[in-house]
>>> print(open('final20.cif').read())   # mmCIF, C-alpha atoms and all ligand atoms
data_start
loop_
_atom_site.label_atom_id
_atom_site.label_comp_id
_atom_site.auth_asym_id
_atom_site.auth_seq_id
_atom_site.Cartn_x
_atom_site.Cartn_y
_atom_site.Cartn_z
CA MET A 1 175.59 160.80 -96.38
CA SER A 2 172.82 158.69 -95.03
CA PRO A 3 173.82 156.00 -92.52
CA ASN A 4 172.12 153.62 -94.92
CA ALA A 5 175.04 153.99 -97.28
CA GLN A 6 176.97 151.65 -94.98
CA HIS A 7 174.04 149.26 -94.63
CA PRO A 8 172.79 148.40 -98.08
CA HIS A 9 170.45 145.75 -96.65
CA HIS A 10 168.44 148.45 -94.96
CA ALA A 11 168.48 150.73 -97.97
CA PRO A 12 164.85 150.66 -99.21
CA ARG A 13 163.37 152.54 -96.25
CA GLY A 14 166.26 154.98 -96.23
CA ALA A 15 166.00 155.45 -99.97
CA ARG A 16 162.39 156.51 -99.59
CA ALA A 17 163.24 159.19 -97.05
CA TRP A 18 166.09 160.34 -99.28
CA ARG A 19 163.86 160.57 -102.28
CA ARG A 20 161.60 162.95 -100.43
CA ARG A 21 164.47 165.25 -99.51
CA TRP A 22 166.86 165.03 -102.44
CA PRO A 23 165.01 163.68 -105.47
CA ALA A 24 167.95 163.89 -107.90
CA LEU A 25 170.44 162.27 -105.53
CA ALA A 26 167.89 159.65 -104.59
CA CYS A 27 167.44 158.76 -108.26
CA ALA A 28 171.17 158.21 -108.63
CA LEU A 29 171.15 156.14 -105.44
CA ALA A 30 168.27 154.02 -106.71
CA GLY A 31 170.24 153.42 -109.90
CA LEU A 32 173.24 152.23 -107.91
CA LEU A 33 171.09 149.96 -105.76
CA ALA A 34 169.46 148.48 -108.86
CA GLN A 35 172.90 147.75 -110.28
CA GLY A 36 173.94 146.09 -107.05
CA ALA A 37 170.90 143.83 -107.38
CA SER A 38 171.64 142.86 -110.96
CA ARG A 39 171.51 139.15 -110.17
CA ALA A 40 167.90 139.56 -109.12
CA ASP A 41 166.61 138.55 -112.52
CA GLU A 42 168.31 135.19 -112.32
CA ALA A 43 166.68 134.67 -108.91
CA PRO A 44 163.73 137.06 -109.02
CA ARG A 45 162.49 136.43 -105.49
CA VAL A 46 162.85 139.75 -103.74
CA PRO A 47 160.24 139.95 -100.95
CA LEU A 48 157.41 142.06 -102.33
CA LEU A 49 156.50 145.42 -100.87
CA PRO A 50 153.10 144.72 -99.24
CA ALA A 51 151.48 147.72 -100.96
CA TYR A 52 152.78 146.48 -104.32
CA GLN A 53 151.46 142.98 -103.69
CA GLN A 54 148.09 144.32 -102.66
CA GLU A 55 147.53 147.02 -105.29
CA CYS A 56 149.35 145.58 -108.27
CA GLY A 57 148.36 141.99 -107.56
CA ALA A 58 144.62 142.69 -107.58
CA CYS A 59 143.93 142.05 -111.28
CA HIS A 60 146.94 139.86 -112.18
CA VAL A 61 149.90 138.51 -110.22
CA ALA A 62 152.23 141.14 -108.83
CA PHE A 63 154.88 140.65 -111.53
CA PRO A 64 158.49 140.35 -110.31
CA ALA A 65 160.07 143.82 -110.39
CA ALA A 66 163.23 142.36 -111.95
CA LEU A 67 161.40 141.41 -115.14
CA LEU A 68 161.19 145.00 -116.44
CA PRO A 69 163.74 147.81 -116.55
CA ALA A 70 163.18 150.92 -114.42
CA ALA A 71 162.13 152.99 -117.46
CA SER A 72 159.22 150.62 -118.12
CA TRP A 73 158.04 150.67 -114.50
CA GLN A 74 158.25 154.44 -114.47
CA ARG A 75 156.11 154.75 -117.61
CA LEU A 76 153.60 152.25 -116.21
CA MET A 77 153.37 154.11 -112.90
CA ASN A 78 152.87 157.41 -114.73
CA GLY A 79 150.02 156.04 -116.83
CA LEU A 80 147.87 154.15 -114.31
CA PRO A 81 144.56 155.83 -115.25
CA ARG A 82 145.01 154.33 -118.74
CA HIS A 83 146.56 150.98 -117.86
CA TYR A 84 146.12 148.56 -120.79
CA GLY A 85 142.49 149.58 -121.07
CA SER A 86 141.88 149.54 -117.29
CA ASP A 87 141.87 152.29 -114.70
CA ALA A 88 144.52 151.30 -112.14
CA SER A 89 144.96 154.72 -110.55
CA LEU A 90 146.27 154.98 -107.00
CA ALA A 91 146.30 157.66 -104.33
CA PRO A 92 149.43 159.82 -104.83
CA ALA A 93 151.23 158.59 -101.69
CA LEU A 94 150.68 154.95 -102.61
CA GLN A 95 151.75 155.57 -106.18
CA ALA A 96 154.96 157.23 -104.95
CA GLU A 97 155.71 154.40 -102.51
CA ILE A 98 155.20 151.66 -105.10
CA GLY A 99 157.00 153.62 -107.81
CA ALA A 100 160.04 154.09 -105.57
CA TRP A 101 160.11 150.40 -104.67
CA LEU A 102 159.87 149.38 -108.33
CA ALA A 103 162.65 151.82 -109.26
CA THR A 104 164.89 150.23 -106.62
CA HIS A 105 164.12 146.62 -107.58
CA ALA A 106 163.77 146.99 -111.35
CA GLY A 107 165.70 144.54 -113.48
CA THR A 108 169.16 145.35 -114.76
CA GLY A 109 170.23 141.90 -115.96
CA LYS A 110 169.77 140.22 -119.30
CA ARG A 111 166.00 139.97 -119.02
CA ALA A 112 165.59 143.70 -118.57
CA ARG A 113 168.29 145.16 -120.79
CA GLU A 114 165.78 147.09 -122.87
CA ALA A 115 162.17 148.14 -122.46
CA PRO A 116 159.94 145.64 -124.29
CA PRO A 117 157.16 146.83 -126.64
CA GLU A 118 154.27 148.40 -124.66
CA ASP A 119 156.34 147.78 -121.52
CA ARG A 120 154.94 144.27 -121.50
CA ILE A 121 156.98 141.50 -119.88
CA THR A 122 155.19 139.14 -122.25
CA ARG A 123 156.60 140.94 -125.30
CA GLY A 124 160.20 140.85 -124.16
CA ALA A 125 162.65 138.82 -126.26
CA TRP A 126 163.59 136.53 -123.35
CA PHE A 127 159.92 135.86 -122.58
CA GLN A 128 159.20 134.85 -126.16
CA ARG A 129 162.30 132.66 -126.19
CA GLU A 130 161.46 130.91 -122.89
CA HIS A 131 157.91 130.28 -124.08
CA ARG A 132 158.59 129.33 -127.70
CA GLN A 133 157.42 125.77 -127.01
CA VAL A 134 153.98 126.94 -125.97
CA ALA A 135 151.77 126.59 -129.06
CA ALA A 136 149.52 129.46 -130.13
CA ALA A 137 146.42 127.36 -129.45
CA THR A 138 147.62 126.61 -125.90
CA TRP A 139 147.68 130.31 -124.95
CA GLN A 140 144.02 130.49 -125.95
CA ARG A 141 142.77 127.72 -123.67
CA PRO A 142 139.95 128.96 -121.43
CA ALA A 143 142.03 128.48 -118.26
CA ILE A 144 144.85 130.61 -119.71
CA GLN A 145 143.54 133.19 -122.22
CA ARG A 146 146.47 135.57 -122.02
CA ALA A 147 150.22 135.30 -121.62
CA SER A 148 150.10 137.74 -118.70
CA HIS A 149 148.09 135.16 -116.75
CA CYS A 150 151.35 133.69 -115.43
CA ALA A 151 149.70 131.84 -112.56
CA ALA A 152 147.71 129.65 -114.97
CA CYS A 153 150.90 127.70 -115.75
CA HIS A 154 153.23 128.81 -112.94
CA PRO A 155 151.25 127.87 -109.80
CA GLN A 156 153.84 129.56 -107.54
CA ALA A 157 153.83 132.83 -109.54
CA GLU A 158 152.23 134.64 -106.62
CA LYS A 159 155.43 133.96 -104.67
CA GLY A 160 157.66 135.03 -107.54
CA ASP A 161 158.63 131.42 -108.28
CA PHE A 162 158.68 130.60 -112.01
CA ASN A 163 160.95 127.58 -111.73
CA GLU A 164 160.61 125.32 -114.75
CA HIS A 165 160.04 122.28 -112.52
CA GLN A 166 156.84 123.77 -111.10
CA ILE A 167 155.11 124.44 -114.42
CA ARG A 168 151.71 122.86 -115.05
CA ILE A 169 149.93 123.81 -118.25
CA PRO A 170 146.15 123.54 -117.81
CA ARG A 171 144.27 121.42 -120.39
C1 LIG A 201 142.14 147.23 -112.43
C2 LIG A 201 142.95 146.08 -112.76
C3 LIG A 201 144.46 146.28 -112.74
C4 LIG A 201 145.24 146.77 -111.72
C5 LIG A 201 144.81 147.28 -110.35
C6 LIG A 201 146.61 146.71 -112.21
N1 LIG A 201 146.66 146.16 -113.46
FE1 LIG A 201 148.34 145.78 -114.55
N2 LIG A 201 147.19 145.09 -116.07
C7 LIG A 201 145.81 145.05 -116.08
C8 LIG A 201 145.34 144.58 -117.38
C9 LIG A 201 143.90 144.39 -117.80
C10 LIG A 201 146.51 144.30 -118.13
C11 LIG A 201 146.59 143.75 -119.55
C12 LIG A 201 146.57 142.25 -119.52
C13 LIG A 201 146.79 141.65 -120.88
O1 LIG A 201 146.48 142.27 -121.89
O2 LIG A 201 147.32 140.52 -120.95
C14 LIG A 201 147.64 144.63 -117.27
C15 LIG A 201 148.96 144.47 -117.65
C16 LIG A 201 150.06 144.80 -116.88
C17 LIG A 201 151.43 144.62 -117.29
C18 LIG A 201 151.91 144.02 -118.60
C19 LIG A 201 151.74 142.49 -118.55
C20 LIG A 201 152.33 141.84 -119.78
O3 LIG A 201 151.59 141.59 -120.75
O4 LIG A 201 153.54 141.58 -119.76
C21 LIG A 201 152.21 145.11 -116.27
C22 LIG A 201 153.72 145.12 -116.23
C23 LIG A 201 151.32 145.59 -115.23
N3 LIG A 201 150.02 145.37 -115.63
C24 LIG A 201 151.72 146.19 -114.06
C25 LIG A 201 150.84 146.68 -113.09
C26 LIG A 201 151.26 147.45 -111.94
C27 LIG A 201 152.68 147.86 -111.62
C28 LIG A 201 150.13 147.71 -111.20
C29 LIG A 201 150.01 148.48 -109.90
C30 LIG A 201 150.42 149.87 -109.93
C31 LIG A 201 149.01 147.12 -111.92
N4 LIG A 201 149.49 146.52 -113.05
C32 LIG A 201 147.70 147.16 -111.49
C33 LIG A 201 144.97 145.39 -115.05
C34 LIG A 201 145.37 145.91 -113.83
C1 LIG A 202 150.76 128.72 -121.11
C2 LIG A 202 151.48 128.56 -119.87
C3 LIG A 202 152.41 129.67 -119.40
C4 LIG A 202 152.10 130.97 -119.07
C5 LIG A 202 150.75 131.63 -119.09
C6 LIG A 202 153.34 131.59 -118.66
N1 LIG A 202 154.37 130.71 -118.73
FE1 LIG A 202 156.30 131.01 -118.19
N2 LIG A 202 156.80 129.16 -118.86
C7 LIG A 202 155.93 128.24 -119.41
C8 LIG A 202 156.70 127.17 -120.02
C9 LIG A 202 156.13 125.94 -120.73
C10 LIG A 202 158.07 127.48 -119.81
C11 LIG A 202 159.31 126.74 -120.33
C12 LIG A 202 159.81 125.70 -119.39
C13 LIG A 202 161.01 124.98 -119.98
O1 LIG A 202 161.66 125.50 -120.87
O2 LIG A 202 161.25 123.88 -119.53
C14 LIG A 202 158.10 128.75 -119.06
C15 LIG A 202 159.26 129.34 -118.60
C16 LIG A 202 159.29 130.51 -117.87
C17 LIG A 202 160.47 131.06 -117.22
C18 LIG A 202 161.85 130.40 -117.17
C19 LIG A 202 161.84 129.41 -116.01
C20 LIG A 202 163.17 128.75 -115.78
O3 LIG A 202 163.27 128.02 -114.76
O4 LIG A 202 164.08 128.92 -116.59
C21 LIG A 202 160.10 132.22 -116.62
C22 LIG A 202 160.96 133.15 -115.78
C23 LIG A 202 158.68 132.41 -116.90
N3 LIG A 202 158.23 131.34 -117.65
C24 LIG A 202 157.95 133.50 -116.48
C25 LIG A 202 156.62 133.72 -116.83
C26 LIG A 202 155.91 134.95 -116.52
C27 LIG A 202 156.50 136.14 -115.77
C28 LIG A 202 154.65 134.78 -117.02
C29 LIG A 202 153.53 135.78 -117.03
C30 LIG A 202 153.87 137.16 -117.42
C31 LIG A 202 154.58 133.46 -117.64
N4 LIG A 202 155.80 132.86 -117.51
C32 LIG A 202 153.45 132.91 -118.25
C33 LIG A 202 154.56 128.35 -119.42
C34 LIG A 202 153.84 129.51 -119.19
#
>>> encode(input="final20.cif", output="structure tokens")
Amino acid sequence: MSPNAQHPHHAPRGARAWRRRWPALACALAGLLAQGASRADEAPRVPLLPAYQQECGACHVAFPAALLPAASWQRLMNGLPRHYGSDASLAPALQAEIGAWLATHAGTGKRAREAPPEDRITRGAWFQREHRQVAAATWQRPAIQRASHCAACHPQAEKGDFNEHQIRIPR
């Protein structure tokens, strides 16, 4: 066993090395780690992998990993050349690094119980419920335009902070 098994706090780096050597075992390990982190979607502020922040935060905020289940992240990472009408392809090593990190930190709690339609956070049942008070016309305001533009209303979204007390809806 890896020494990391005794030190779960140091697991991500170890998990990556594992994945290279024993892909099947590493998958099972990632599943266990994700379960251990099941409270992450109540407090979705895991420090972001720098490569994830940089590459996946270029066109929209780097969405909290805990807001989608692992299956959704895996599909997204396997379809980057056709990413919601954009080409978001990455070099293979970068794609593997980010994919592994997302697999480890994917949601397992109530917000990520099942893959939402199109693997969109914004189409998940909890998202629609949390945002039911936002009127259809509000989403269309020029400063917002799309539900995935989290930062328009959650100014701390970049830091993974969606606390209801921080929300400011632009006019
Ligand atoms: C070239 C620009 C670009 C890059 C780079 C990019 N995306 Fe996207 N992403 C988009 C667009 C455009 C959408 C669709 C936005 C919409 O329709 O609201 C999107 C949507 C998404 C959604 C669904 C949002 C929702 O509606 O809930 C997820 C999840 C997502 N991206 C993850 C990623 C990940 C992970 C990466 C990095 C591997 C990434 N994106 C990199 C452009 C990009
Ligand atoms: C049009 C503005 C707007 C946009 C865009 C928006 N939200 Fe929200 N969000 C809100 C409002 C309003 C609430 C409800 C606050 C309440 O119930 O008091 C909310 C609530 C939430 C909550 C629950 C917060 C809590 O403390 O319980 C989360 C999590 C959240 N949003 C995530 C997101 C994510 C992720 C995105 C982007 C994919 C997003 N939001 C896009 C306005 C927005």
>>> atom_distance(input="final20.cif", atom1="CA of Val46 in chain A", atom2="atom C24 of ligand LIG 202 (chain A)")
15.0 Å
>>> atom_distance(input="final20.cif", atom1="atom O2 of ligand LIG 201 (chain A)", atom2="CA of His165 in chain A")
23.8 Å
>>> atom_distance(input="final20.cif", atom1="atom C24 of ligand LIG 201 (chain A)", atom2="CA of Phe63 in chain A")
6.9 Å
>>> residues_near_ligand(input="final20.cif", ligand="ligand LIG 202 (chain A)", cutoff="9 Å", atoms="only C-alpha atoms and all ligand atoms", output="short mmCIF file (atom, residue, chain, number, x, y, z; two decimals) with C-alpha atoms, in the coordinates of the input")
data_model
loop_
_atom_site.label_atom_id
_atom_site.label_comp_id
_atom_site.auth_asym_id
_atom_site.auth_seq_id
_atom_site.Cartn_x
_atom_site.Cartn_y
_atom_site.Cartn_z
CA ASP A 41 166.61 138.55 -112.52
CA GLU A 42 168.31 135.19 -112.32
CA PRO A 44 163.73 137.06 -109.02
CA VAL A 61 149.90 138.51 -110.22
CA PHE A 63 154.88 140.65 -111.53
CA PRO A 64 158.49 140.35 -110.31
CA LEU A 67 161.40 141.41 -115.14
CA ARG A 120 154.94 144.27 -121.50
CA ILE A 121 156.98 141.50 -119.88
CA THR A 122 155.19 139.14 -122.25
CA TRP A 126 163.59 136.53 -123.35
CA PHE A 127 159.92 135.86 -122.58
CA ARG A 129 162.30 132.66 -126.19
CA GLU A 130 161.46 130.91 -122.89
CA HIS A 131 157.91 130.28 -124.08
CA ARG A 132 158.59 129.33 -127.70
CA GLN A 133 157.42 125.77 -127.01
CA VAL A 134 153.98 126.94 -125.97
CA ALA A 135 151.77 126.59 -129.06
CA THR A 138 147.62 126.61 -125.90
CA TRP A 139 147.68 130.31 -124.95
CA GLN A 140 144.02 130.49 -125.95
CA ARG A 141 142.77 127.72 -123.67
CA ILE A 144 144.85 130.61 -119.71
CA GLN A 145 143.54 133.19 -122.22
CA ARG A 146 146.47 135.57 -122.02
CA ALA A 147 150.22 135.30 -121.62
CA SER A 148 150.10 137.74 -118.70
CA HIS A 149 148.09 135.16 -116.75
CA CYS A 150 151.35 133.69 -115.43
CA ALA A 151 149.70 131.84 -112.56
CA ALA A 152 147.71 129.65 -114.97
CA CYS A 153 150.90 127.70 -115.75
CA HIS A 154 153.23 128.81 -112.94
CA ALA A 157 153.83 132.83 -109.54
CA GLY A 160 157.66 135.03 -107.54
CA ASP A 161 158.63 131.42 -108.28
CA PHE A 162 158.68 130.60 -112.01
CA ASN A 163 160.95 127.58 -111.73
CA GLU A 164 160.61 125.32 -114.75
CA HIS A 165 160.04 122.28 -112.52
CA GLN A 166 156.84 123.77 -111.10
CA ILE A 167 155.11 124.44 -114.42
CA ARG A 168 151.71 122.86 -115.05
CA ILE A 169 149.93 123.81 -118.25
CA PRO A 170 146.15 123.54 -117.81
#
>>> closest_residue(input="final20.cif", among="A:Lys159, A:Arg113, A:His60, A:Arg171", to="ligand LIG 201 (chain A)", atoms="all atoms listed in the file")
A:His60
>>> residues_near_ligand(input="final20.cif", ligand="ligand LIG 201 (chain A)", cutoff="9 Å", atoms="only C-alpha atoms and all ligand atoms", output="ChimeraX atom specification")
/A:52-65,67-68,72-73,76-77,80,83-90,94-95,98-99,102,116,118-124,145-149
>>> closest_residue(input="final20.cif", among="A:Pro142, A:Leu49, A:Ala106, A:Ala136", to="Ala71 in chain A", atoms="all atoms listed in the file")
A:Ala106
